[in-house]
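What follows is coords-v3.txt (compact mmCIF, C-alpha atoms and all ligand atoms).
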# COMPACT_ATOMS: atom_id res chain seq x y z
CA MET J 1 6.18 7.49 94.32
CA MET J 2 5.26 6.14 90.90
CA THR J 3 1.55 6.06 90.03
CA ARG J 4 0.84 3.14 87.72
CA ILE J 5 -2.07 3.66 85.37
CA LEU J 6 -3.90 1.11 83.26
CA LEU J 7 -5.58 2.90 80.34
CA ILE J 8 -8.26 0.78 78.72
CA THR J 9 -9.79 1.72 75.36
CA SER J 10 -12.88 0.10 73.89
CA SER J 11 -13.97 1.95 70.74
CA ILE J 12 -14.90 -0.04 67.64
CA LEU J 13 -14.08 3.05 65.54
CA GLY J 14 -10.32 2.76 65.97
CA ASP J 15 -8.32 5.93 65.52
CA SER J 16 -11.40 8.01 64.67
CA GLY J 17 -13.07 7.04 67.98
CA GLN J 18 -13.77 10.03 70.20
CA SER J 19 -13.15 8.08 73.39
CA ILE J 20 -9.74 7.11 71.97
CA GLY J 21 -9.15 10.84 71.46
CA LEU J 22 -9.90 11.45 75.15
CA ALA J 23 -7.63 8.54 76.10
CA ARG J 24 -4.79 9.93 73.95
CA HIS J 25 -5.17 13.35 75.54
CA PHE J 26 -4.92 11.73 78.97
CA GLN J 27 -1.88 9.76 77.86
CA ARG J 28 -0.12 12.80 76.37
CA LEU J 29 -0.54 14.70 79.65
CA ALA J 30 0.53 11.73 81.75
CA LYS J 31 3.67 11.27 79.63
CA ARG J 32 4.89 14.69 80.73
CA ARG J 33 5.05 13.42 84.29
CA ASP J 34 7.91 11.24 85.39
CA ASP J 35 5.93 9.98 88.39
CA ILE J 36 3.26 8.34 86.19
CA ALA J 37 3.63 5.14 84.17
CA VAL J 38 0.86 4.24 81.73
CA THR J 39 0.09 0.76 80.41
CA THR J 40 -2.49 0.60 77.60
CA ARG J 41 -4.95 -2.12 76.72
CA ASP J 42 -7.34 -2.03 73.77
CA VAL J 43 -10.06 -4.57 74.45
CA VAL J 44 -11.38 -4.28 70.87
CA ALA J 45 -7.96 -5.12 69.36
CA ASP J 46 -7.76 -8.03 71.83
CA ASP J 47 -11.00 -9.40 70.39
CA LEU J 48 -11.94 -11.14 73.63
CA PRO J 49 -14.70 -13.68 73.03
CA HIS J 50 -17.84 -13.81 75.15
CA LEU J 51 -17.26 -15.61 78.41
CA GLY J 52 -18.53 -19.19 78.09
CA ILE J 53 -18.91 -22.28 80.23
CA ASP J 54 -15.54 -23.87 79.37
CA GLU J 55 -13.58 -20.77 80.31
CA LEU J 56 -15.65 -20.20 83.45
CA GLY J 57 -15.14 -23.88 84.31
CA SER J 58 -11.38 -23.57 83.92
CA TRP J 59 -11.29 -21.07 86.79
CA GLN J 60 -12.97 -23.57 89.07
CA VAL J 61 -10.26 -26.21 88.65
CA ALA J 62 -7.12 -25.89 90.80
CA ALA J 63 -4.25 -24.53 88.68
CA ASP J 64 -2.20 -27.75 88.98
CA GLU J 65 -5.14 -29.93 87.98
CA ARG J 66 -6.12 -28.15 84.76
CA THR J 67 -6.00 -29.87 81.39
CA PRO J 68 -3.82 -28.15 78.75
CA ALA J 69 -7.01 -26.65 77.22
CA GLN J 70 -8.09 -25.33 80.62
CA VAL J 71 -4.64 -23.86 81.25
CA GLU J 72 -4.95 -21.92 77.99
CA LEU J 73 -8.48 -20.73 78.77
CA ALA J 74 -7.67 -19.64 82.34
CA ALA J 75 -4.57 -17.78 81.12
CA ARG J 76 -6.78 -15.09 79.47
CA SER J 77 -8.36 -14.00 82.72
CA ASP J 78 -5.17 -14.60 84.74
CA ALA J 79 -3.19 -12.22 82.52
CA LEU J 80 -5.86 -9.51 82.73
CA LEU J 81 -6.04 -9.91 86.51
CA GLU J 82 -2.28 -9.61 86.85
CA GLU J 83 -2.35 -6.42 84.80
CA LEU J 84 -5.20 -5.01 86.88
CA ARG J 85 -3.45 -5.85 90.17
CA GLY J 86 -0.24 -4.23 88.95
CA ASN J 87 -1.82 -0.78 88.50
CA ASP J 88 -3.12 1.87 90.91
CA VAL J 89 -5.49 3.82 88.66
CA ILE J 90 -7.76 2.24 86.07
CA VAL J 91 -8.76 4.67 83.31
CA LEU J 92 -11.66 3.44 81.20
CA ALA J 93 -12.24 5.20 77.87
CA VAL J 94 -15.82 4.22 77.15
CA PRO J 95 -18.01 4.91 74.12
CA MET J 96 -21.76 4.63 74.57
CA TYR J 97 -23.14 2.04 72.17
CA ASN J 98 -26.86 1.28 72.20
CA LEU J 99 -27.27 2.73 75.68
CA GLY J 100 -24.59 0.54 77.18
CA ILE J 101 -20.89 -0.19 77.29
CA PRO J 102 -19.16 -1.88 74.31
CA SER J 103 -19.59 -5.65 74.50
CA GLN J 104 -15.78 -6.01 74.28
CA LEU J 105 -15.47 -4.01 77.50
CA LYS J 106 -18.10 -6.23 79.11
CA ALA J 107 -16.00 -9.24 78.04
CA TRP J 108 -13.04 -7.66 79.91
CA PHE J 109 -15.16 -7.05 83.03
CA ASP J 110 -16.46 -10.63 82.80
CA ARG J 111 -12.85 -11.82 83.15
CA ILE J 112 -11.80 -9.57 86.01
CA LEU J 113 -14.92 -9.86 88.19
CA ARG J 114 -13.85 -13.28 89.36
CA ALA J 115 -15.09 -14.86 92.60
CA GLY J 116 -12.20 -15.92 94.81
CA GLU J 117 -9.81 -13.58 92.98
CA THR J 118 -11.21 -10.04 92.98
CA PHE J 119 -14.23 -10.52 95.24
CA ARG J 120 -15.62 -13.18 97.52
CA TYR J 121 -19.11 -14.11 98.55
CA THR J 122 -19.98 -13.74 102.24
CA GLU J 123 -23.13 -14.04 104.35
CA LYS J 124 -23.46 -10.28 104.03
CA GLY J 125 -23.07 -10.28 100.25
CA PRO J 126 -20.03 -9.95 98.02
CA VAL J 127 -16.86 -8.28 99.33
CA GLY J 128 -14.25 -6.70 97.06
CA LEU J 129 -10.67 -7.92 97.36
CA LEU J 130 -8.77 -5.16 95.56
CA GLU J 131 -7.43 -2.40 97.76
CA GLY J 132 -5.99 1.05 97.22
CA LYS J 133 -7.17 1.50 93.63
CA ARG J 134 -9.27 4.17 91.99
CA ALA J 135 -10.83 4.54 88.56
CA ILE J 136 -11.47 7.27 86.00
CA LEU J 137 -14.15 7.07 83.33
CA LEU J 138 -13.68 8.97 80.06
CA GLY J 139 -17.07 8.71 78.35
CA ALA J 140 -17.92 9.59 74.74
CA ARG J 141 -21.56 9.82 73.76
CA GLY J 142 -23.58 10.91 70.75
CA GLY J 143 -26.43 12.19 72.95
CA LYS J 144 -26.68 13.71 76.42
CA TYR J 145 -27.36 11.46 79.38
CA ALA J 146 -25.06 12.37 82.29
CA GLY J 147 -27.04 12.89 85.47
CA THR J 148 -30.22 11.36 84.04
CA ALA J 149 -31.82 7.92 84.48
CA MET J 150 -30.84 7.08 80.90
CA ASP J 151 -27.17 7.08 81.85
CA THR J 152 -27.21 3.38 82.66
CA GLN J 153 -23.47 3.14 81.93
CA THR J 154 -22.42 5.03 85.06
CA PRO J 155 -24.22 2.84 87.62
CA HIS J 156 -23.21 -0.31 85.73
CA ILE J 157 -19.52 0.63 85.76
CA THR J 158 -19.72 2.02 89.33
CA HIS J 159 -21.16 -1.23 90.66
CA MET J 160 -18.88 -3.53 88.70
CA LEU J 161 -15.85 -1.66 90.06
CA GLY J 162 -17.42 -1.47 93.53
CA LEU J 163 -17.89 -5.24 93.57
CA ILE J 164 -14.13 -5.77 93.39
CA GLY J 165 -13.29 -3.01 95.88
CA ILE J 166 -12.68 0.00 93.62
CA LYS J 167 -14.90 2.59 95.25
CA GLN J 168 -13.59 5.87 93.86
CA LEU J 169 -14.73 6.69 90.33
CA ASP J 170 -14.21 10.11 88.73
CA SER J 171 -15.91 10.74 85.41
CA VAL J 172 -15.34 13.03 82.44
CA PHE J 173 -17.96 13.01 79.71
CA ALA J 174 -17.84 14.31 76.16
CA GLU J 175 -21.55 14.29 75.37
CA GLY J 176 -23.72 15.49 72.51
CA LEU J 177 -21.08 14.46 69.96
CA ASN J 178 -23.78 13.75 67.37
CA MET J 179 -25.73 16.95 68.05
CA GLY J 180 -24.00 19.25 65.61
CA GLU J 181 -20.44 20.52 65.14
CA ASP J 182 -20.71 23.33 67.70
CA ALA J 183 -22.00 21.04 70.44
CA LYS J 184 -19.29 18.52 69.59
CA GLU J 185 -16.46 21.06 69.69
CA ALA J 186 -17.70 22.54 72.97
CA ALA J 187 -18.02 19.08 74.55
CA LEU J 188 -14.54 17.99 73.47
CA THR J 189 -12.95 21.25 74.66
CA GLN J 190 -14.64 20.90 78.06
CA ALA J 191 -13.70 17.21 78.35
CA HIS J 192 -10.06 17.97 77.50
CA SER J 193 -9.94 20.64 80.17
CA ASP J 194 -11.57 18.28 82.71
CA ILE J 195 -8.95 15.64 81.87
CA GLU J 196 -6.18 18.22 82.44
CA ASP J 197 -7.59 18.91 85.91
CA LEU J 198 -7.78 15.19 86.69
CA VAL J 199 -4.21 14.51 85.60
CA LYS J 200 -2.97 17.52 87.61
CA ALA J 201 -4.62 16.06 90.70
CA LEU J 202 -3.05 12.62 90.29
C1 LIG J 301 -23.15 1.17 67.17
C2 LIG J 301 -23.30 2.50 67.82
C3 LIG J 301 -24.30 2.71 68.77
C4 LIG J 301 -24.44 3.96 69.39
N1 LIG J 301 -25.41 4.11 70.34
C5 LIG J 301 -25.49 5.30 71.00
C6 LIG J 301 -26.43 5.49 72.05
O1 LIG J 301 -27.16 4.61 72.43
N2 LIG J 301 -26.48 6.69 72.65
C7 LIG J 301 -25.64 7.70 72.31
O2 LIG J 301 -25.69 8.78 72.91
N3 LIG J 301 -24.75 7.58 71.31
C8 LIG J 301 -24.66 6.39 70.65
N4 LIG J 301 -23.74 6.25 69.64
C9 LIG J 301 -22.82 7.37 69.34
C10 LIG J 301 -21.53 7.18 70.09
O3 LIG J 301 -21.73 7.23 71.48
C11 LIG J 301 -20.54 8.26 69.69
O4 LIG J 301 -20.23 8.08 68.33
C12 LIG J 301 -19.25 8.19 70.49
O5 LIG J 301 -18.30 9.04 69.88
C13 LIG J 301 -18.73 6.78 70.52
O6 LIG J 301 -17.43 6.71 71.07
P1 LIG J 301 -16.23 6.35 70.11
O7 LIG J 301 -16.20 7.46 69.08
O8 LIG J 301 -15.06 6.36 71.01
O9 LIG J 301 -16.44 5.00 69.51
C14 LIG J 301 -23.59 5.02 69.02
C15 LIG J 301 -22.58 4.81 68.06
C16 LIG J 301 -22.43 3.57 67.47
C17 LIG J 301 -21.33 3.36 66.46
Please re-express this file's structure in structure tokens.
Amino acid sequence: MMTRILLITSSILGDSGQSIGLARHFQRLAKRRDDIAVTTRDVVADDLPHLGIDELGSWQVAADERTPAQVELAARSDALLEELRGNDVIVLAVPMYNLGIPSQLKAWFDRILRAGETFRYTEKGPVGLLEGKRAILLGARGGKYAGTAMDTQTPHITHMLGLIGIKQLDSVFAEGLNMGEDAKEAALTQAHSDIEDLVKAL
């Protein structure tokens, strides 16, 4: 059976981004497998704007009642949702910027965490509507945070994915990238090896 993977990159540093390097390593390994198909999306190149009231409002109008402007606004989120639904594994290559995720990646999440589409509100709280998907986080960080309270990225991403029904998240971190060449090399070597293990297990 074919495993369909959506590989999302979000570095503002383009080709020199370390998280892009992790994503490329993942992609190179996946390409050697004929049972894996990878679709890529670069949310920085997409230049998604912040979610605003007009776009949010467009989702709340029935598709056949939207104005031409609302059709155009809703199409952004609709296209991203279709892409998400069409894949089994979501791989997020995530730099840490100012203790959080890149704002472009947040703009992507803001368009796929959509009430009535990927989750619904119930008396017992929100319920995720996506089934059978898992996620992988490839994190690049200048400092070292994994396993500490300062790693606010992991719970944020875990709960955003959990909200829409994606409960399994495996993480690979390349940390300490700004803590000297030796630390950087060691972290990248370890992360590459961890990615190899993950791809083998797919
Ligand atoms: C604007 C900016 C903010 C950053 N903030 C943090 C931070 O809060 N904590 C950290 O450990 N590293 C921080 N860094 C370092 C990045 O995490 C590191 O460069 C990492 O490689 C970024 O991923 P990328 O190379 O894929 O863009 C920051 C880098 C930039 C450019």
Between J:Ile12, J:Met1, J:Ala74, J:Leu80, which is the closest to ligand LIG 301 (chain J) once you count only C-alpha atoms and all ligand atoms?
->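 Looking only at the distances to ligand LIG 301 (chain J), the closest residue turns out to be J:Ile12.
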Between CA of Pro155 (chain J) and atom O5 of ligand LIG 301 (chain J), what is the spacing in Å?
->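 Spanning atom O5 of ligand LIG 301 (chain J) to CA of Pro155 (chain J) is a straight-line distance of 19.7 Å.
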Please identify every polymer residue within 6 Å of ligand LIG 301 (chain J), using only C-alpha atoms and all ligand atoms, and present the set as a count of residues only.
-> 16
Write out, as a tab-separated table, each residue of region 96-167 of chain J that has an atom at most 12 Å from region 52-68 of chain J, together with the closest pair of atoms and their distance in Å to one decimal, counting only C-alpha atoms, rows going by chain and rising number.
residue	atom	partner	partner_atom	distance
J:Ala107	CA	J:Gly52	CA	10.3
J:Asp110	CA	J:Leu56	CA	9.6
J:Arg111	CA	J:Leu56	CA	8.8
J:Ile112	CA	J:Trp59	CA	11.5
J:Leu113	CA	J:Leu56	CA	11.4
J:Arg114	CA	J:Trp59	CA	8.6
J:Ala115	CA	J:Trp59	CA	9.3
J:Gly116	CA	J:Trp59	CA	9.6
J:Glu117	CA	J:Trp59	CA	9.8
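Distances to Lys200 (chain J) were evaluated for J:Arg24, J:Lys124, J:Arg32, J:Lys106 using all atoms listed in the file, and the minimum falls at J:Arg32.
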Tell me which protein, DNA and RNA residues are within 9 Å of region 130-138 of chain J, counting all atoms listed in the file, leaving out same-chain ones fewer than 4 positions away, and put them as an mmCIF file with C-alpha atoms, in the frame of the given file.
data_model
loop_
_atom_site.group_PDB
_atom_site.id
_atom_site.type_symbol
_atom_site.label_atom_id
_atom_site.label_comp_id
_atom_site.auth_asym_id
_atom_site.auth_seq_id
_atom_site.Cartn_x
_atom_site.Cartn_y
_atom_site.Cartn_z
ATOM 1 C CA SER J 19 -13.150 8.080 73.390
ATOM 2 C CA LEU J 22 -9.900 11.450 75.150
ATOM 3 C CA ALA J 23 -7.630 8.540 76.100
ATOM 4 C CA ARG J 85 -3.450 -5.850 90.170
ATOM 5 C CA ASN J 87 -1.820 -0.780 88.500
ATOM 6 C CA ASP J 88 -3.120 1.870 90.910
ATOM 7 C CA VAL J 89 -5.490 3.820 88.660
ATOM 8 C CA ILE J 90 -7.760 2.240 86.070
ATOM 9 C CA VAL J 91 -8.760 4.670 83.310
ATOM 10 C CA LEU J 92 -11.660 3.440 81.200
ATOM 11 C CA ALA J 93 -12.240 5.200 77.870
ATOM 12 C CA VAL J 94 -15.820 4.220 77.150
ATOM 13 C CA PRO J 95 -18.010 4.910 74.120
ATOM 14 C CA GLU J 117 -9.810 -13.580 92.980
ATOM 15 C CA THR J 118 -11.210 -10.040 92.980
ATOM 16 C CA PHE J 119 -14.230 -10.520 95.240
ATOM 17 C CA THR J 154 -22.420 5.030 85.060
ATOM 18 C CA ILE J 157 -19.520 0.630 85.760
ATOM 19 C CA LEU J 161 -15.850 -1.660 90.060
ATOM 20 C CA ILE J 164 -14.130 -5.770 93.390
ATOM 21 C CA GLY J 165 -13.290 -3.010 95.880
ATOM 22 C CA ILE J 166 -12.680 0.000 93.620
ATOM 23 C CA LYS J 167 -14.900 2.590 95.250
ATOM 24 C CA GLN J 168 -13.590 5.870 93.860
ATOM 25 C CA LEU J 169 -14.730 6.690 90.330
ATOM 26 C CA ASP J 170 -14.210 10.110 88.730
ATOM 27 C CA SER J 171 -15.910 10.740 85.410
ATOM 28 C CA VAL J 172 -15.340 13.030 82.440
ATOM 29 C CA PHE J 173 -17.960 13.010 79.710
ATOM 30 C CA ALA J 174 -17.840 14.310 76.160
ATOM 31 C CA ALA J 191 -13.700 17.210 78.350
ATOM 32 C CA ILE J 195 -8.950 15.640 81.870
ATOM 33 C CA LEU J 198 -7.780 15.190 86.690
#
As a PDB file, in the frame of the given file, could you write out region 105-133 of chain J once it has been completed with N, CA and C atoms?
ATOM      1  N   LEU J 105     -15.825  -4.443  76.142  1.00  0.00           N
ATOM      2  CA  LEU J 105     -15.470  -4.010  77.500  1.00  0.00           C
ATOM      3  C   LEU J 105     -16.163  -4.896  78.530  1.00  0.00           C
ATOM      4  N   LYS J 106     -17.386  -5.298  78.216  1.00  0.00           N
ATOM      5  CA  LYS J 106     -18.100  -6.230  79.110  1.00  0.00           C
ATOM      6  C   LYS J 106     -17.330  -7.549  79.195  1.00  0.00           C
ATOM      7  N   ALA J 107     -16.783  -7.991  78.054  1.00  0.00           N
ATOM      8  CA  ALA J 107     -16.000  -9.240  78.040  1.00  0.00           C
ATOM      9  C   ALA J 107     -14.760  -9.105  78.934  1.00  0.00           C
ATOM     10  N   TRP J 108     -14.187  -7.894  78.996  1.00  0.00           N
ATOM     11  CA  TRP J 108     -13.040  -7.660  79.910  1.00  0.00           C
ATOM     12  C   TRP J 108     -13.526  -7.730  81.352  1.00  0.00           C
ATOM     13  N   PHE J 109     -14.622  -7.005  81.650  1.00  0.00           N
ATOM     14  CA  PHE J 109     -15.160  -7.050  83.030  1.00  0.00           C
ATOM     15  C   PHE J 109     -15.515  -8.486  83.420  1.00  0.00           C
ATOM     16  N   ASP J 110     -16.073  -9.253  82.479  1.00  0.00           N
ATOM     17  CA  ASP J 110     -16.460 -10.630  82.800  1.00  0.00           C
ATOM     18  C   ASP J 110     -15.262 -11.474  83.215  1.00  0.00           C
ATOM     19  N   ARG J 111     -14.057 -11.045  82.798  1.00  0.00           N
ATOM     20  CA  ARG J 111     -12.850 -11.820  83.150  1.00  0.00           C
ATOM     21  C   ARG J 111     -12.121 -11.272  84.369  1.00  0.00           C
ATOM     22  N   ILE J 112     -12.496 -10.085  84.814  1.00  0.00           N
ATOM     23  CA  ILE J 112     -11.800  -9.570  86.010  1.00  0.00           C
ATOM     24  C   ILE J 112     -12.715  -9.543  87.248  1.00  0.00           C
ATOM     25  N   LEU J 113     -14.021  -9.707  87.032  1.00  0.00           N
ATOM     26  CA  LEU J 113     -14.920  -9.860  88.190  1.00  0.00           C
ATOM     27  C   LEU J 113     -14.980 -11.358  88.462  1.00  0.00           C
ATOM     28  N   ARG J 114     -14.013 -11.834  89.224  1.00  0.00           N
ATOM     29  CA  ARG J 114     -13.850 -13.280  89.360  1.00  0.00           C
ATOM     30  C   ARG J 114     -13.889 -13.669  90.829  1.00  0.00           C
ATOM     31  N   ALA J 115     -14.930 -14.446  91.189  1.00  0.00           N
ATOM     32  CA  ALA J 115     -15.090 -14.860  92.600  1.00  0.00           C
ATOM     33  C   ALA J 115     -13.846 -15.600  93.059  1.00  0.00           C
ATOM     34  N   GLY J 116     -13.391 -15.273  94.261  1.00  0.00           N
ATOM     35  CA  GLY J 116     -12.200 -15.920  94.810  1.00  0.00           C
ATOM     36  C   GLY J 116     -10.918 -15.192  94.424  1.00  0.00           C
ATOM     37  N   GLU J 117     -10.998 -14.326  93.424  1.00  0.00           N
ATOM     38  CA  GLU J 117      -9.810 -13.580  92.980  1.00  0.00           C
ATOM     39  C   GLU J 117      -9.952 -12.090  93.267  1.00  0.00           C
ATOM     40  N   THR J 118     -11.039 -11.489  92.776  1.00  0.00           N
ATOM     41  CA  THR J 118     -11.210 -10.040  92.980  1.00  0.00           C
ATOM     42  C   THR J 118     -12.376  -9.708  93.916  1.00  0.00           C
ATOM     43  N   PHE J 119     -13.194 -10.695  94.206  1.00  0.00           N
ATOM     44  CA  PHE J 119     -14.230 -10.520  95.240  1.00  0.00           C
ATOM     45  C   PHE J 119     -14.552 -11.891  95.810  1.00  0.00           C
ATOM     46  N   ARG J 120     -15.162 -11.889  96.993  1.00  0.00           N
ATOM     47  CA  ARG J 120     -15.620 -13.180  97.520  1.00  0.00           C
ATOM     48  C   ARG J 120     -17.028 -13.029  98.060  1.00  0.00           C
ATOM     49  N   TYR J 121     -17.751 -14.104  98.022  1.00  0.00           N
ATOM     50  CA  TYR J 121     -19.110 -14.110  98.550  1.00  0.00           C
ATOM     51  C   TYR J 121     -19.058 -14.299 100.066  1.00  0.00           C
ATOM     52  N   THR J 122     -19.881 -13.553 100.789  1.00  0.00           N
ATOM     53  CA  THR J 122     -19.980 -13.740 102.240  1.00  0.00           C
ATOM     54  C   THR J 122     -21.464 -13.765 102.609  1.00  0.00           C
ATOM     55  N   GLU J 123     -21.733 -14.031 103.893  1.00  0.00           N
ATOM     56  CA  GLU J 123     -23.130 -14.040 104.350  1.00  0.00           C
ATOM     57  C   GLU J 123     -23.775 -12.675 104.182  1.00  0.00           C
ATOM     58  N   LYS J 124     -22.916 -11.648 104.165  1.00  0.00           N
ATOM     59  CA  LYS J 124     -23.460 -10.280 104.030  1.00  0.00           C
ATOM     60  C   LYS J 124     -23.415  -9.788 102.585  1.00  0.00           C
ATOM     61  N   GLY J 125     -23.169 -10.679 101.660  1.00  0.00           N
ATOM     62  CA  GLY J 125     -23.070 -10.280 100.250  1.00  0.00           C
ATOM     63  C   GLY J 125     -21.617 -10.263  99.807  1.00  0.00           C
ATOM     64  N   PRO J 126     -21.396  -9.904  98.542  1.00  0.00           N
ATOM     65  CA  PRO J 126     -20.030  -9.950  98.020  1.00  0.00           C
ATOM     66  C   PRO J 126     -19.132  -8.882  98.631  1.00  0.00           C
ATOM     67  N   VAL J 127     -17.847  -9.216  98.793  1.00  0.00           N
ATOM     68  CA  VAL J 127     -16.860  -8.280  99.330  1.00  0.00           C
ATOM     69  C   VAL J 127     -15.700  -8.174  98.341  1.00  0.00           C
ATOM     70  N   GLY J 128     -15.341  -6.932  98.006  1.00  0.00           N
ATOM     71  CA  GLY J 128     -14.250  -6.700  97.060  1.00  0.00           C
ATOM     72  C   GLY J 128     -12.907  -7.011  97.675  1.00  0.00           C
ATOM     73  N   LEU J 129     -11.992  -7.521  96.854  1.00  0.00           N
ATOM     74  CA  LEU J 129     -10.670  -7.920  97.360  1.00  0.00           C
ATOM     75  C   LEU J 129      -9.540  -7.013  96.890  1.00  0.00           C
ATOM     76  N   LEU J 130      -9.829  -6.070  95.997  1.00  0.00           N
ATOM     77  CA  LEU J 130      -8.770  -5.160  95.560  1.00  0.00           C
ATOM     78  C   LEU J 130      -8.750  -3.954  96.493  1.00  0.00           C
ATOM     79  N   GLU J 131      -7.536  -3.534  96.837  1.00  0.00           N
ATOM     80  CA  GLU J 131      -7.430  -2.400  97.760  1.00  0.00           C
ATOM     81  C   GLU J 131      -6.550  -1.308  97.174  1.00  0.00           C
ATOM     82  N   GLY J 132      -6.870  -0.063  97.558  1.00  0.00           N
ATOM     83  CA  GLY J 132      -5.990   1.050  97.220  1.00  0.00           C
ATOM     84  C   GLY J 132      -6.028   1.472  95.756  1.00  0.00           C
ATOM     85  N   LYS J 133      -7.086   1.090  95.043  1.00  0.00           N
ATOM     86  CA  LYS J 133      -7.170   1.500  93.630  1.00  0.00           C
ATOM     87  C   LYS J 133      -8.310   2.474  93.428  1.00  0.00           C
TER      88      LYS J 133
END
